[in-house]
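Structure file input12.txt; described as compact mmCIF, C-alpha atoms and all ligand atoms.
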# COMPACT_ATOMS: atom_id res chain seq x y z
CA MET A 1 62.39 -81.31 -123.19
CA SER A 2 64.68 -82.39 -126.05
CA ASN A 3 67.05 -85.37 -126.12
CA LYS A 4 70.03 -83.06 -126.61
CA SER A 5 72.12 -82.00 -123.66
CA VAL A 6 74.19 -78.93 -122.86
CA SER A 7 77.21 -78.56 -120.58
CA LEU A 8 78.02 -75.45 -118.62
CA HIS A 9 79.79 -74.28 -115.49
CA ILE A 10 77.76 -73.01 -112.55
CA ASP A 11 79.91 -71.55 -109.77
CA ASP A 12 82.93 -73.27 -111.38
CA GLN A 13 81.33 -76.73 -111.31
CA LEU A 14 80.68 -78.50 -114.61
CA ILE A 15 77.18 -79.83 -115.16
CA THR A 16 75.45 -81.46 -118.13
CA VAL A 17 71.67 -81.06 -118.36
CA PRO A 18 68.99 -81.69 -120.99
CA GLU A 19 68.54 -78.78 -123.40
CA GLY A 20 65.73 -76.55 -122.14
CA THR A 21 66.67 -76.87 -118.46
CA THR A 22 66.63 -73.49 -116.73
CA ILE A 23 69.67 -72.22 -114.84
CA LEU A 24 67.57 -72.38 -111.66
CA GLU A 25 66.71 -76.04 -112.23
CA ALA A 26 70.34 -76.88 -112.97
CA ALA A 27 71.52 -75.02 -109.86
CA GLN A 28 68.89 -76.72 -107.70
CA SER A 29 70.09 -80.11 -108.91
CA MET A 30 73.57 -79.12 -107.66
CA ASN A 31 72.18 -77.92 -104.31
CA ILE A 32 73.11 -74.34 -105.17
CA GLU A 33 70.54 -72.03 -103.67
CA ILE A 34 69.19 -69.14 -105.73
CA PRO A 35 66.45 -67.03 -104.09
CA THR A 36 63.13 -66.69 -105.95
CA LEU A 37 59.90 -64.81 -105.44
CA CYS A 38 57.73 -64.89 -108.56
CA TRP A 39 58.85 -68.42 -109.49
CA ALA A 40 57.12 -71.56 -108.19
CA GLU A 41 57.60 -75.16 -109.19
CA ASN A 42 53.91 -75.49 -110.07
CA LEU A 43 53.65 -72.30 -112.16
CA THR A 44 55.09 -71.00 -115.44
CA PRO A 45 57.83 -68.43 -114.70
CA VAL A 46 56.55 -64.87 -115.26
CA ASN A 47 59.94 -63.35 -114.71
CA VAL A 48 58.95 -60.16 -112.91
CA CYS A 49 60.72 -59.98 -109.54
CA ARG A 50 64.41 -60.19 -110.57
CA LEU A 51 65.37 -61.73 -107.24
CA CYS A 52 66.86 -64.77 -108.95
CA VAL A 53 69.39 -62.87 -111.08
CA VAL A 54 72.78 -64.45 -111.77
CA GLU A 55 75.85 -63.35 -113.71
CA ALA A 56 76.78 -65.06 -116.99
CA GLU A 57 80.27 -64.61 -118.40
CA GLY A 58 80.18 -62.25 -121.37
CA ALA A 59 76.62 -61.03 -120.73
CA ARG A 60 76.20 -57.28 -120.25
CA THR A 61 73.24 -57.56 -117.90
CA LEU A 62 72.34 -59.94 -115.09
CA ILE A 63 69.99 -62.70 -116.19
CA PRO A 64 66.98 -64.28 -114.41
CA ALA A 65 67.87 -67.86 -113.47
CA CYS A 66 64.22 -68.94 -113.18
CA SER A 67 63.43 -68.47 -116.85
CA ARG A 68 66.77 -68.41 -118.72
CA THR A 69 67.69 -71.79 -120.11
CA CYS A 70 71.20 -73.23 -119.86
CA GLU A 71 73.48 -72.62 -122.85
CA ASP A 72 76.26 -74.92 -123.91
CA GLY A 73 79.68 -73.61 -122.80
CA ALA A 74 78.23 -70.91 -120.53
CA ALA A 75 79.86 -69.94 -117.25
CA VAL A 76 77.39 -68.72 -114.65
CA LYS A 77 78.08 -67.28 -111.19
CA THR A 78 75.21 -67.23 -108.74
CA ASN A 79 76.60 -65.31 -105.80
CA THR A 80 78.95 -62.51 -106.93
CA ASP A 81 79.04 -59.05 -105.34
CA ARG A 82 77.11 -57.65 -108.30
CA VAL A 83 74.44 -60.34 -107.96
CA ARG A 84 74.13 -59.84 -104.19
CA GLU A 85 73.95 -56.07 -104.58
CA ASN A 86 71.10 -56.38 -107.10
CA ARG A 87 69.17 -58.83 -104.94
CA ARG A 88 69.65 -56.58 -101.91
CA MET A 89 68.24 -53.63 -103.83
CA VAL A 90 65.21 -55.63 -105.01
CA LEU A 91 64.52 -56.67 -101.40
CA GLU A 92 64.90 -53.10 -100.15
CA LEU A 93 62.51 -51.73 -102.76
CA LEU A 94 59.94 -54.42 -101.98
CA ASP A 95 60.29 -53.87 -98.25
CA SER A 96 60.05 -50.10 -98.60
CA ALA A 97 56.70 -50.35 -100.38
CA ASN A 98 54.97 -53.39 -98.86
CA ASP A 99 54.29 -55.03 -95.54
CA LEU A 100 56.46 -58.15 -95.73
CA SER A 101 56.17 -59.02 -92.05
CA GLN A 102 54.15 -62.20 -92.66
CA SER A 103 56.61 -63.72 -95.14
CA ASP A 104 59.21 -65.78 -93.26
CA ASN A 105 61.11 -66.44 -96.47
CA LEU A 106 61.44 -62.75 -97.37
CA GLN A 107 62.33 -61.80 -93.79
CA GLU A 108 65.12 -64.36 -93.90
CA LEU A 109 66.41 -63.02 -97.23
CA ILE A 110 66.24 -59.40 -95.99
CA SER A 111 68.44 -60.36 -93.09
CA ASP A 112 70.82 -62.56 -95.17
CA TYR A 113 71.36 -59.82 -97.76
CA GLY A 114 71.56 -56.98 -95.21
CA ALA A 115 68.70 -55.17 -96.95
CA ASP A 116 67.87 -51.90 -95.21
CA SER A 117 64.73 -50.25 -96.56
CA ASP A 118 65.04 -47.44 -94.00
CA ARG A 119 67.67 -45.83 -96.16
CA TYR A 120 64.86 -44.78 -98.48
CA THR A 121 64.07 -41.45 -96.89
CA ASP A 122 60.43 -41.27 -97.95
CA PRO A 123 59.11 -44.80 -98.32
CA VAL A 124 55.59 -45.07 -99.68
CA LYS A 125 54.05 -48.12 -98.01
CA THR A 126 50.84 -49.35 -99.57
CA THR A 127 48.04 -48.90 -97.05
CA THR A 128 45.08 -50.65 -98.67
CA PRO A 129 42.64 -51.92 -96.01
CA PRO A 130 42.10 -55.70 -96.15
CA LYS A 131 39.20 -56.87 -98.28
CA VAL A 132 37.05 -59.10 -96.06
CA GLU A 133 34.16 -60.09 -98.29
CA ASP A 134 33.24 -63.63 -97.31
CA ASP A 135 33.91 -66.35 -94.76
CA LEU A 136 36.60 -68.12 -96.75
CA PHE A 137 39.50 -65.82 -97.53
CA VAL A 138 40.83 -62.31 -97.13
CA ARG A 139 42.78 -60.18 -99.59
CA ALA A 140 45.21 -57.79 -97.87
CA TYR A 141 46.93 -56.08 -100.77
CA GLU A 142 49.19 -53.93 -98.60
CA ARG A 143 51.31 -57.08 -98.56
CA CYS A 144 51.10 -57.68 -102.32
CA VAL A 145 54.41 -57.58 -104.20
CA LEU A 146 52.77 -58.03 -107.62
CA CYS A 147 54.48 -61.33 -108.24
CA TYR A 148 51.61 -62.51 -110.53
CA LYS A 149 51.52 -65.96 -108.91
CA CYS A 150 47.84 -65.68 -107.96
CA VAL A 151 46.98 -64.54 -111.48
CA GLU A 152 48.81 -67.53 -112.93
CA ALA A 153 47.15 -69.97 -110.52
CA CYS A 154 43.71 -68.51 -111.26
CA GLY A 155 44.44 -68.56 -115.00
CA ASP A 156 45.99 -71.01 -117.39
CA ASP A 157 48.48 -72.56 -114.96
CA ALA A 158 45.81 -74.23 -112.84
CA GLN A 159 42.22 -73.09 -112.49
CA PHE A 160 41.38 -71.51 -115.89
CA THR A 161 38.89 -69.18 -114.16
CA PHE A 162 40.65 -65.86 -114.88
CA ALA A 163 38.81 -64.08 -112.05
CA ILE A 164 41.78 -61.83 -111.23
CA ALA A 165 44.38 -59.97 -113.24
CA VAL A 166 46.76 -57.05 -112.90
CA ALA A 167 44.90 -53.77 -113.44
CA GLY A 168 46.50 -50.35 -113.83
CA ARG A 169 50.05 -49.35 -114.61
CA GLY A 170 53.17 -48.30 -112.77
CA PHE A 171 52.47 -47.32 -109.15
CA ASP A 172 48.74 -47.83 -109.77
CA ALA A 173 49.16 -51.47 -110.80
CA LYS A 174 47.25 -53.85 -108.54
CA ILE A 175 45.61 -57.25 -108.53
CA SER A 176 41.92 -56.85 -109.22
CA THR A 177 38.75 -58.65 -110.14
CA GLU A 178 36.93 -57.53 -113.29
CA HIS A 179 35.87 -53.87 -112.69
CA ASP A 180 37.16 -54.32 -109.13
CA VAL A 181 33.91 -56.00 -108.04
CA PRO A 182 33.89 -57.79 -104.66
CA LEU A 183 35.11 -61.38 -104.89
CA PRO A 184 31.67 -62.97 -104.32
CA GLU A 185 30.36 -61.03 -107.35
CA SER A 186 33.31 -61.94 -109.55
CA ALA A 187 34.05 -65.09 -111.55
CA CYS A 188 35.97 -66.53 -108.56
CA VAL A 189 35.10 -70.16 -107.80
CA TYR A 190 36.87 -70.12 -104.40
CA CYS A 191 39.37 -72.86 -105.17
CA GLY A 192 41.85 -70.90 -103.04
CA ASN A 193 44.71 -71.81 -105.37
CA CYS A 194 45.75 -68.15 -105.28
CA ILE A 195 46.21 -68.40 -101.50
CA GLY A 196 48.25 -71.55 -101.98
CA VAL A 197 50.87 -69.73 -104.09
CA CYS A 198 50.93 -66.24 -102.50
CA PRO A 199 54.41 -65.68 -101.03
CA THR A 200 53.54 -62.77 -98.72
CA ASN A 201 50.25 -63.80 -97.10
CA ALA A 202 48.48 -61.00 -98.97
CA LEU A 203 45.92 -63.73 -99.63
CA GLN A 204 45.06 -65.78 -96.61
CA PHE A 205 42.41 -67.99 -95.07
CA LYS A 206 39.75 -66.10 -93.10
CA THR A 207 40.51 -68.47 -90.21
CA GLU A 208 44.15 -67.32 -90.18
CA PHE A 209 43.14 -63.67 -90.55
CA ASP A 210 40.73 -63.88 -87.59
CA MET A 211 43.25 -65.75 -85.46
CA ARG A 212 45.96 -63.19 -86.22
CA GLU A 213 43.55 -60.37 -85.32
CA ALA A 214 42.92 -62.11 -82.00
CA ALA A 215 46.70 -62.61 -81.50
CA ASN A 216 46.03 -66.35 -81.50
CA TRP A 217 47.92 -67.45 -84.65
CA ARG A 218 50.69 -69.74 -83.37
CA PRO A 219 52.35 -71.49 -86.36
CA GLU A 220 55.13 -72.90 -84.18
CA GLU A 221 52.49 -74.95 -82.34
CA GLN A 222 50.71 -76.15 -85.48
CA SER A 223 51.06 -79.59 -86.97
CA VAL A 224 50.43 -80.77 -90.52
CA THR A 225 48.70 -84.07 -91.28
CA GLU A 226 48.41 -85.46 -94.78
CA THR A 227 45.19 -87.14 -95.83
CA ILE A 228 43.17 -87.78 -98.98
CA CYS A 229 40.18 -85.59 -99.81
CA SER A 230 37.01 -87.64 -99.50
CA TYR A 231 34.71 -85.48 -101.63
CA CYS A 232 35.36 -87.02 -105.06
CA GLY A 233 37.30 -89.67 -106.92
CA VAL A 234 40.23 -87.49 -107.94
CA GLY A 235 41.76 -88.21 -104.56
CA CYS A 236 43.71 -85.01 -103.95
CA THR A 237 46.25 -85.02 -101.14
CA LEU A 238 45.35 -82.55 -98.42
CA GLU A 239 47.64 -81.13 -95.75
CA LEU A 240 45.52 -80.33 -92.70
CA HIS A 241 47.16 -77.59 -90.60
CA THR A 242 45.90 -77.89 -87.04
CA GLN A 243 46.26 -75.79 -83.94
CA ASP A 244 44.67 -76.69 -80.58
CA ASN A 245 43.18 -79.75 -82.25
CA GLN A 246 41.24 -77.63 -84.77
CA ILE A 247 41.85 -77.40 -88.52
CA VAL A 248 43.01 -73.85 -89.31
CA LYS A 249 43.81 -74.17 -93.02
CA VAL A 250 44.26 -76.73 -95.80
CA THR A 251 47.03 -76.87 -98.38
CA SER A 252 48.35 -79.46 -100.83
CA PRO A 253 52.00 -80.30 -101.63
CA ALA A 254 53.24 -78.39 -104.70
CA ASP A 255 55.23 -81.41 -105.91
CA HIS A 256 52.29 -83.82 -105.74
CA SER A 257 51.59 -85.64 -109.02
CA VAL A 258 47.78 -85.38 -108.68
CA THR A 259 47.28 -81.83 -107.41
CA SER A 260 50.53 -79.93 -108.14
CA GLY A 261 49.50 -78.06 -105.01
CA HIS A 262 46.11 -77.01 -106.37
CA LEU A 263 42.69 -77.98 -104.97
CA CYS A 264 39.03 -77.18 -105.53
CA VAL A 265 36.72 -75.33 -103.15
CA LYS A 266 35.59 -78.53 -101.44
CA GLY A 267 39.04 -79.82 -100.57
CA ARG A 268 40.36 -76.36 -99.69
CA PHE A 269 37.50 -75.02 -97.61
CA GLY A 270 34.98 -77.79 -96.99
CA TRP A 271 36.41 -79.02 -93.70
CA GLN A 272 34.22 -77.28 -91.11
CA TYR A 273 32.06 -80.38 -90.77
CA VAL A 274 34.99 -82.16 -89.16
CA GLN A 275 34.71 -79.74 -86.25
CA ALA A 276 30.91 -79.56 -86.09
CA PRO A 277 29.40 -80.52 -82.72
CA VAL A 278 28.47 -84.20 -82.79
CA TYR A 279 24.71 -84.68 -82.97
CA ARG A 280 23.49 -87.41 -80.67
CA ALA A 281 19.98 -88.74 -81.13
CA PRO A 282 18.02 -88.77 -77.87
CA SER A 283 18.08 -92.22 -76.27
CA SER A 284 14.77 -94.06 -75.78
CA ASP A 285 15.11 -93.52 -71.97
CA SER A 286 15.26 -89.75 -72.27
CA GLU A 287 12.40 -89.83 -74.79
CA GLN A 288 10.29 -91.75 -72.25
CA SER A 289 11.05 -89.33 -69.41
CA ALA A 290 10.23 -86.37 -71.64
CA LYS A 291 6.70 -87.72 -72.18
S1 LIG A 301 48.35 -61.26 -104.02
FE1 LIG A 301 50.11 -62.56 -103.47
S2 LIG A 301 50.32 -64.00 -105.20
FE2 LIG A 301 49.05 -62.28 -105.92
S3 LIG A 301 50.49 -60.88 -106.88
FE3 LIG A 301 50.21 -60.20 -104.75
S4 LIG A 301 51.87 -61.19 -103.62
FE4 LIG A 301 51.71 -62.24 -105.58
S1 LIG A 302 39.97 -81.29 -103.66
FE1 LIG A 302 38.24 -81.21 -105.10
S2 LIG A 302 39.00 -82.31 -106.94
FE2 LIG A 302 40.38 -82.85 -105.25
S3 LIG A 302 39.51 -84.79 -104.40
FE3 LIG A 302 38.65 -83.06 -103.21
S4 LIG A 302 36.69 -82.59 -104.21
FE4 LIG A 302 37.90 -83.85 -105.68
S1 LIG A 303 62.09 -65.63 -109.44
FE1 LIG A 303 63.08 -65.21 -111.31
S2 LIG A 303 62.32 -63.31 -111.93
FE2 LIG A 303 61.21 -63.77 -110.10

Would it be possible to restate this file's structure as structure tokens?
Amino acid sequence: MSNKSVSLHIDDQLITVPEGTTILEAAQSMNIEIPTLCWAENLTPVNVCRLCVVEAEGARTLIPACSRTCEDGAAVKTNTDRVRENRRMVLELLDSANDLSQSDNLQELISDYGADSDRYTDPVKTTTPPKVEDDLFVRAYERCVLCYKCVEACGDDAQFTFAIAVAGRGFDAKISTEHDVPLPESACVYCGNCIGVCPTNALQFKTEFDMREAANWRPEEQSVTETICSYCGVGCTLELHTQDNQIVKVTSPADHSVTSGHLCVKGRFGWQYVQAPVYRAPSSDSEQSAK
């Protein structure tokens, strides 16, 4: 970021920020809430969902706050009727095509914006069966909104593995491994960083998937405990999500200076040993009586 600064009005309040600051960052610093979907603090904005649009004085079209940088002298409004109408339509289109039921954030926005996808007379919901290919995570693309976050996290924003990408065009566009091979046969290294950023639960831990299938997923009863991964010297911060005294998934805080929310396969999935039955060596008494 440069040493220069720019001054602009956001919702009639004057703010001065370093040149290069996005409108979203400036608004967040003023506690003005702008909804996002494809943006995440630990990823480069890909600018595809258009949920974060705002209105800039003199601009013909609405502009995406997550990627547009602040301009000196600009006047931006974040919550006009035009802005709300556009966000409502984006939410309706997403909801008419995907299963958003496992995204609390999107459910909240749908209700806040009064989005009603039922007004689309012939909605085409994606009905891809979940891909259950290993014991670690499940890909249920009927919930995928093509936000690209998993692709970014797998690629040059975090993991540099490039195991998944968007394949196809238009209605046929989908997240896929190379030649659509099953995940265990792909380049995937099972860091799970894609799960960590997925906003709709299209990617989820196998533990969560199984517990949901058994109607036993109870997030309101879960607690989160921070600890440090003990597998190597990097010292990543882990958030252990537990239910009924069992670890059910592991995440890392997106704003953490070491991990930026990303982990490797050991920190993300290597926790089953914590719950393994304790092995007790036979005592000398029981050895004697066995003889
Ligand atoms: S799987 Fe999740 S993170 Fe990936 S594009 Fe779909 S919704 Fe986004
Ligand atoms: S998550 Fe991976 S990189 Fe981080 S401390 Fe654990 S083993 Fe090391
Ligand atoms: S959050 Fe800005 S375009 Fe998606």

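Nearest to ligand LIG 302 (chain A) of all the residues A:Val145, A:Cys191, A:Arg88, A:Asn201 is A:Cys191, counting all atoms listed in the file.
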
Open item on the list: Can you pull out the residues contacting Thr44 (chain A)? Cut-off 12 Å, using all atoms listed in the file, and skip same-chain residues under 2 positions away; I want them as a ChimeraX atom specification.
Closed with: /A:22,38-42,46-48,66-67,148-153,155-158

Dump of C-alpha atoms for the selected residues, as a JSON list (two decimals), in the frame of the given file:
[["chain", "number", "residue", "atom", "x", "y", "z"],
["A", 22, "THR", "CA", 66.63, -73.49, -116.73],
["A", 38, "CYS", "CA", 57.73, -64.89, -108.56],
["A", 39, "TRP", "CA", 58.85, -68.42, -109.49],
["A", 40, "ALA", "CA", 57.12, -71.56, -108.19],
["A", 41, "GLU", "CA", 57.60, -75.16, -109.19],
["A", 42, "ASN", "CA", 53.91, -75.49, -110.07],
["A", 46, "VAL", "CA", 56.55, -64.87, -115.26],
["A", 47, "ASN", "CA", 59.94, -63.35, -114.71],
["A", 48, "VAL", "CA", 58.95, -60.16, -112.91],
["A", 66, "CYS", "CA", 64.22, -68.94, -113.18],
["A", 67, "SER", "CA", 63.43, -68.47, -116.85],
["A", 148, "TYR", "CA", 51.61, -62.51, -110.53],
["A", 149, "LYS", "CA", 51.52, -65.96, -108.91],
["A", 150, "CYS", "CA", 47.84, -65.68, -107.96],
["A", 151, "VAL", "CA", 46.98, -64.54, -111.48],
["A", 152, "GLU", "CA", 48.81, -67.53, -112.93],
["A", 153, "ALA", "CA", 47.15, -69.97, -110.52],
["A", 155, "GLY", "CA", 44.44, -68.56, -115.00],
["A", 156, "ASP", "CA", 45.99, -71.01, -117.39],
["A", 157, "ASP", "CA", 48.48, -72.56, -114.96],
["A", 158, "ALA", "CA", 45.81, -74.23, -112.84]]

Report, as lines of an AutoDock Vina configuration file, the axis-aligned box around all atoms of ligand LIG 303 (chain A) present in the file, extended by 4 Å on each side; give centre and edge lengths in Å to one decimal place.
center_x = 62.1
center_y = -64.5
center_z = -110.7
size_x = 9.9
size_y = 10.3
size_z = 10.5

Write out, as a tab-separated table, each residue of chain A that has an atom at most 12 Å from ligand LIG 301 (chain A), together with the closest pair of atoms and their distance in Å to one decimal, counting only C-alpha atoms and all ligand atoms, rows going by chain and rising number.
residue	atom	partner	partner_atom	distance
A:Leu37	CA	A:LIG301	FE4	8.6
A:Cys38	CA	A:LIG301	FE4	7.2
A:Trp39	CA	A:LIG301	FE4	10.2
A:Ala40	CA	A:LIG301	S2	10.6
A:Leu43	CA	A:LIG301	S2	11.3
A:Val46	CA	A:LIG301	S3	11.1
A:Val48	CA	A:LIG301	S3	10.4
A:Cys49	CA	A:LIG301	FE4	10.1
A:Leu94	CA	A:LIG301	S4	10.7
A:Asn98	CA	A:LIG301	S4	9.6
A:Asp99	CA	A:LIG301	S4	10.4
A:Leu100	CA	A:LIG301	S4	9.6
A:Gln102	CA	A:LIG301	S4	11.2
A:Ser103	CA	A:LIG301	S4	10.0
A:Leu106	CA	A:LIG301	S4	11.5
A:Pro130	CA	A:LIG301	S1	11.5
A:Lys131	CA	A:LIG301	S1	11.7
A:Phe137	CA	A:LIG301	S1	11.9
A:Val138	CA	A:LIG301	S1	10.3
A:Arg139	CA	A:LIG301	S1	7.2
A:Ala140	CA	A:LIG301	S1	7.7
A:Tyr141	CA	A:LIG301	S1	6.3
A:Glu142	CA	A:LIG301	FE3	8.8
A:Arg143	CA	A:LIG301	S4	6.5
A:Cys144	CA	A:LIG301	FE3	3.6
A:Val145	CA	A:LIG301	S4	4.5
A:Leu146	CA	A:LIG301	S3	3.7
A:Cys147	CA	A:LIG301	FE4	3.9
A:Tyr148	CA	A:LIG301	S3	4.2
A:Lys149	CA	A:LIG301	S2	4.4
A:Cys150	CA	A:LIG301	S2	4.1
A:Val151	CA	A:LIG301	FE2	6.3
A:Glu152	CA	A:LIG301	S2	8.6
A:Ala153	CA	A:LIG301	S2	8.6
A:Cys154	CA	A:LIG301	FE2	9.8
A:Gly155	CA	A:LIG301	FE2	12.0
A:Ile164	CA	A:LIG301	FE2	9.0
A:Ala165	CA	A:LIG301	S3	8.9
A:Val166	CA	A:LIG301	S3	8.1
A:Ala167	CA	A:LIG301	S3	11.2
A:Ala173	CA	A:LIG301	S3	10.3
A:Lys174	CA	A:LIG301	S3	7.9
A:Ile175	CA	A:LIG301	S3	6.3
A:Ser176	CA	A:LIG301	S1	9.4
A:Thr177	CA	A:LIG301	S1	11.7
A:Gly192	CA	A:LIG301	S2	11.1
A:Asn193	CA	A:LIG301	S2	9.6
A:Cys194	CA	A:LIG301	S2	6.2
A:Ile195	CA	A:LIG301	S2	7.1
A:Gly196	CA	A:LIG301	S2	8.5
A:Val197	CA	A:LIG301	S2	5.9
A:Cys198	CA	A:LIG301	S2	3.6
A:Pro199	CA	A:LIG301	S4	5.8
A:Thr200	CA	A:LIG301	S4	5.4
A:Asn201	CA	A:LIG301	FE1	6.5
A:Ala202	CA	A:LIG301	FE1	5.0
A:Leu203	CA	A:LIG301	S1	5.6
A:Gln204	CA	A:LIG301	FE1	9.1

May I have the residues from that selection written out with C-alpha atoms, as a PDB file, in the frame of the given file?
ATOM      1  CA  LEU A  37      59.900 -64.810-105.440  1.00  0.00           C
ATOM      2  CA  CYS A  38      57.730 -64.890-108.560  1.00  0.00           C
ATOM      3  CA  TRP A  39      58.850 -68.420-109.490  1.00  0.00           C
ATOM      4  CA  ALA A  40      57.120 -71.560-108.190  1.00  0.00           C
ATOM      5  CA  LEU A  43      53.650 -72.300-112.160  1.00  0.00           C
ATOM      6  CA  VAL A  46      56.550 -64.870-115.260  1.00  0.00           C
ATOM      7  CA  VAL A  48      58.950 -60.160-112.910  1.00  0.00           C
ATOM      8  CA  CYS A  49      60.720 -59.980-109.540  1.00  0.00           C
ATOM      9  CA  LEU A  94      59.940 -54.420-101.980  1.00  0.00           C
ATOM     10  CA  ASN A  98      54.970 -53.390 -98.860  1.00  0.00           C
ATOM     11  CA  ASP A  99      54.290 -55.030 -95.540  1.00  0.00           C
ATOM     12  CA  LEU A 100      56.460 -58.150 -95.730  1.00  0.00           C
ATOM     13  CA  GLN A 102      54.150 -62.200 -92.660  1.00  0.00           C
ATOM     14  CA  SER A 103      56.610 -63.720 -95.140  1.00  0.00           C
ATOM     15  CA  LEU A 106      61.440 -62.750 -97.370  1.00  0.00           C
ATOM     16  CA  PRO A 130      42.100 -55.700 -96.150  1.00  0.00           C
ATOM     17  CA  LYS A 131      39.200 -56.870 -98.280  1.00  0.00           C
ATOM     18  CA  PHE A 137      39.500 -65.820 -97.530  1.00  0.00           C
ATOM     19  CA  VAL A 138      40.830 -62.310 -97.130  1.00  0.00           C
ATOM     20  CA  ARG A 139      42.780 -60.180 -99.590  1.00  0.00           C
ATOM     21  CA  ALA A 140      45.210 -57.790 -97.870  1.00  0.00           C
ATOM     22  CA  TYR A 141      46.930 -56.080-100.770  1.00  0.00           C
ATOM     23  CA  GLU A 142      49.190 -53.930 -98.600  1.00  0.00           C
ATOM     24  CA  ARG A 143      51.310 -57.080 -98.560  1.00  0.00           C
ATOM     25  CA  CYS A 144      51.100 -57.680-102.320  1.00  0.00           C
ATOM     26  CA  VAL A 145      54.410 -57.580-104.200  1.00  0.00           C
ATOM     27  CA  LEU A 146      52.770 -58.030-107.620  1.00  0.00           C
ATOM     28  CA  CYS A 147      54.480 -61.330-108.240  1.00  0.00           C
ATOM     29  CA  TYR A 148      51.610 -62.510-110.530  1.00  0.00           C
ATOM     30  CA  LYS A 149      51.520 -65.960-108.910  1.00  0.00           C
ATOM     31  CA  CYS A 150      47.840 -65.680-107.960  1.00  0.00           C
ATOM     32  CA  VAL A 151      46.980 -64.540-111.480  1.00  0.00           C
ATOM     33  CA  GLU A 152      48.810 -67.530-112.930  1.00  0.00           C
ATOM     34  CA  ALA A 153      47.150 -69.970-110.520  1.00  0.00           C
ATOM     35  CA  CYS A 154      43.710 -68.510-111.260  1.00  0.00           C
ATOM     36  CA  GLY A 155      44.440 -68.560-115.000  1.00  0.00           C
ATOM     37  CA  ILE A 164      41.780 -61.830-111.230  1.00  0.00           C
ATOM     38  CA  ALA A 165      44.380 -59.970-113.240  1.00  0.00           C
ATOM     39  CA  VAL A 166      46.760 -57.050-112.900  1.00  0.00           C
ATOM     40  CA  ALA A 167      44.900 -53.770-113.440  1.00  0.00           C
ATOM     41  CA  ALA A 173      49.160 -51.470-110.800  1.00  0.00           C
ATOM     42  CA  LYS A 174      47.250 -53.850-108.540  1.00  0.00           C
ATOM     43  CA  ILE A 175      45.610 -57.250-108.530  1.00  0.00           C
ATOM     44  CA  SER A 176      41.920 -56.850-109.220  1.00  0.00           C
ATOM     45  CA  THR A 177      38.750 -58.650-110.140  1.00  0.00           C
ATOM     46  CA  GLY A 192      41.850 -70.900-103.040  1.00  0.00           C
ATOM     47  CA  ASN A 193      44.710 -71.810-105.370  1.00  0.00           C
ATOM     48  CA  CYS A 194      45.750 -68.150-105.280  1.00  0.00           C
ATOM     49  CA  ILE A 195      46.210 -68.400-101.500  1.00  0.00           C
ATOM     50  CA  GLY A 196      48.250 -71.550-101.980  1.00  0.00           C
ATOM     51  CA  VAL A 197      50.870 -69.730-104.090  1.00  0.00           C
ATOM     52  CA  CYS A 198      50.930 -66.240-102.500  1.00  0.00           C
ATOM     53  CA  PRO A 199      54.410 -65.680-101.030  1.00  0.00           C
ATOM     54  CA  THR A 200      53.540 -62.770 -98.720  1.00  0.00           C
ATOM     55  CA  ASN A 201      50.250 -63.800 -97.100  1.00  0.00           C
ATOM     56  CA  ALA A 202      48.480 -61.000 -98.970  1.00  0.00           C
ATOM     57  CA  LEU A 203      45.920 -63.730 -99.630  1.00  0.00           C
ATOM     58  CA  GLN A 204      45.060 -65.780 -96.610  1.00  0.00           C
TER      59      GLN A 204
END

Open item on the list: List as a list in words the protein and nucleic acid residues lying within 6 Å of ligand LIG 302 (chain A), with all atoms listed in the file counted.
Closed with: Cys229, Tyr231, Cys232, Gly233, Val234, Gly235, Cys236, Leu263, Cys264, Lys266 and Gly267 of chain A

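Interatomic distance, CA of Arg119 (chain A) to atom S2 of ligand LIG 303 (chain A): 24.1 Å.
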
Task: Coordinates-based distance that separates CA of Ser230 (chain A) from CA of Thr251 (chain A) (Å, one decimal) - done: 14.8 Å

- [ ] Could you tell me which of A:Arg87, A:Lys206, A:His241, A:His9 comes closest to ligand LIG 303 (chain A) if we count only C-alpha atoms and all ligand atoms?
- [x] A:Arg87

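For Ile23 (chain A), the residues within 10 Å (counting all atoms listed in the file, excluding itself and residues fewer than 2 positions away along the chain) are Leu8, Ile10, Val17, Gly20, Thr21, Glu25, Ala26, Ala27, Gln28, Ser29, Ile34, Cys52, Val54, Ile63, Pro64, Ala65, Cys66, Ser67, Arg68, Thr69, Cys70, Glu71, Val76 and Thr78 of chain A.
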
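When all atoms listed in the file are used to measure the gap to Met211 (chain A), the shortest distance among A:Glu185, A:Val248, A:Asp12, A:Asp112 belongs to A:Val248.
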
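Take CA of Leu238 (chain A) and CA of Glu221 (chain A): the distance between them is 19.2 Å.
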
Can I get C-alpha atoms for region 133-146 of chain A, as a PDB file, in the first residue's frame?
ATOM      1  CA  GLU A 133     -14.835 -40.549  -1.766  1.00  0.00           C
ATOM      2  CA  ASP A 134     -12.773 -40.826   1.406  1.00  0.00           C
ATOM      3  CA  ASP A 135     -12.969 -40.600   5.185  1.00  0.00           C
ATOM      4  CA  LEU A 136     -11.943 -36.957   5.421  1.00  0.00           C
ATOM      5  CA  PHE A 137     -14.312 -34.719   3.495  1.00  0.00           C
ATOM      6  CA  VAL A 138     -17.386 -34.654   1.315  1.00  0.00           C
ATOM      7  CA  ARG A 139     -18.156 -32.487  -1.706  1.00  0.00           C
ATOM      8  CA  ALA A 140     -21.876 -31.729  -2.068  1.00  0.00           C
ATOM      9  CA  TYR A 141     -21.992 -29.465  -5.099  1.00  0.00           C
ATOM     10  CA  GLU A 142     -25.759 -28.976  -5.002  1.00  0.00           C
ATOM     11  CA  ARG A 143     -24.851 -26.323  -2.443  1.00  0.00           C
ATOM     12  CA  CYS A 144     -22.067 -24.772  -4.542  1.00  0.00           C
ATOM     13  CA  VAL A 145     -22.575 -21.131  -5.546  1.00  0.00           C
ATOM     14  CA  LEU A 146     -19.406 -21.011  -7.665  1.00  0.00           C
TER      15      LEU A 146
END
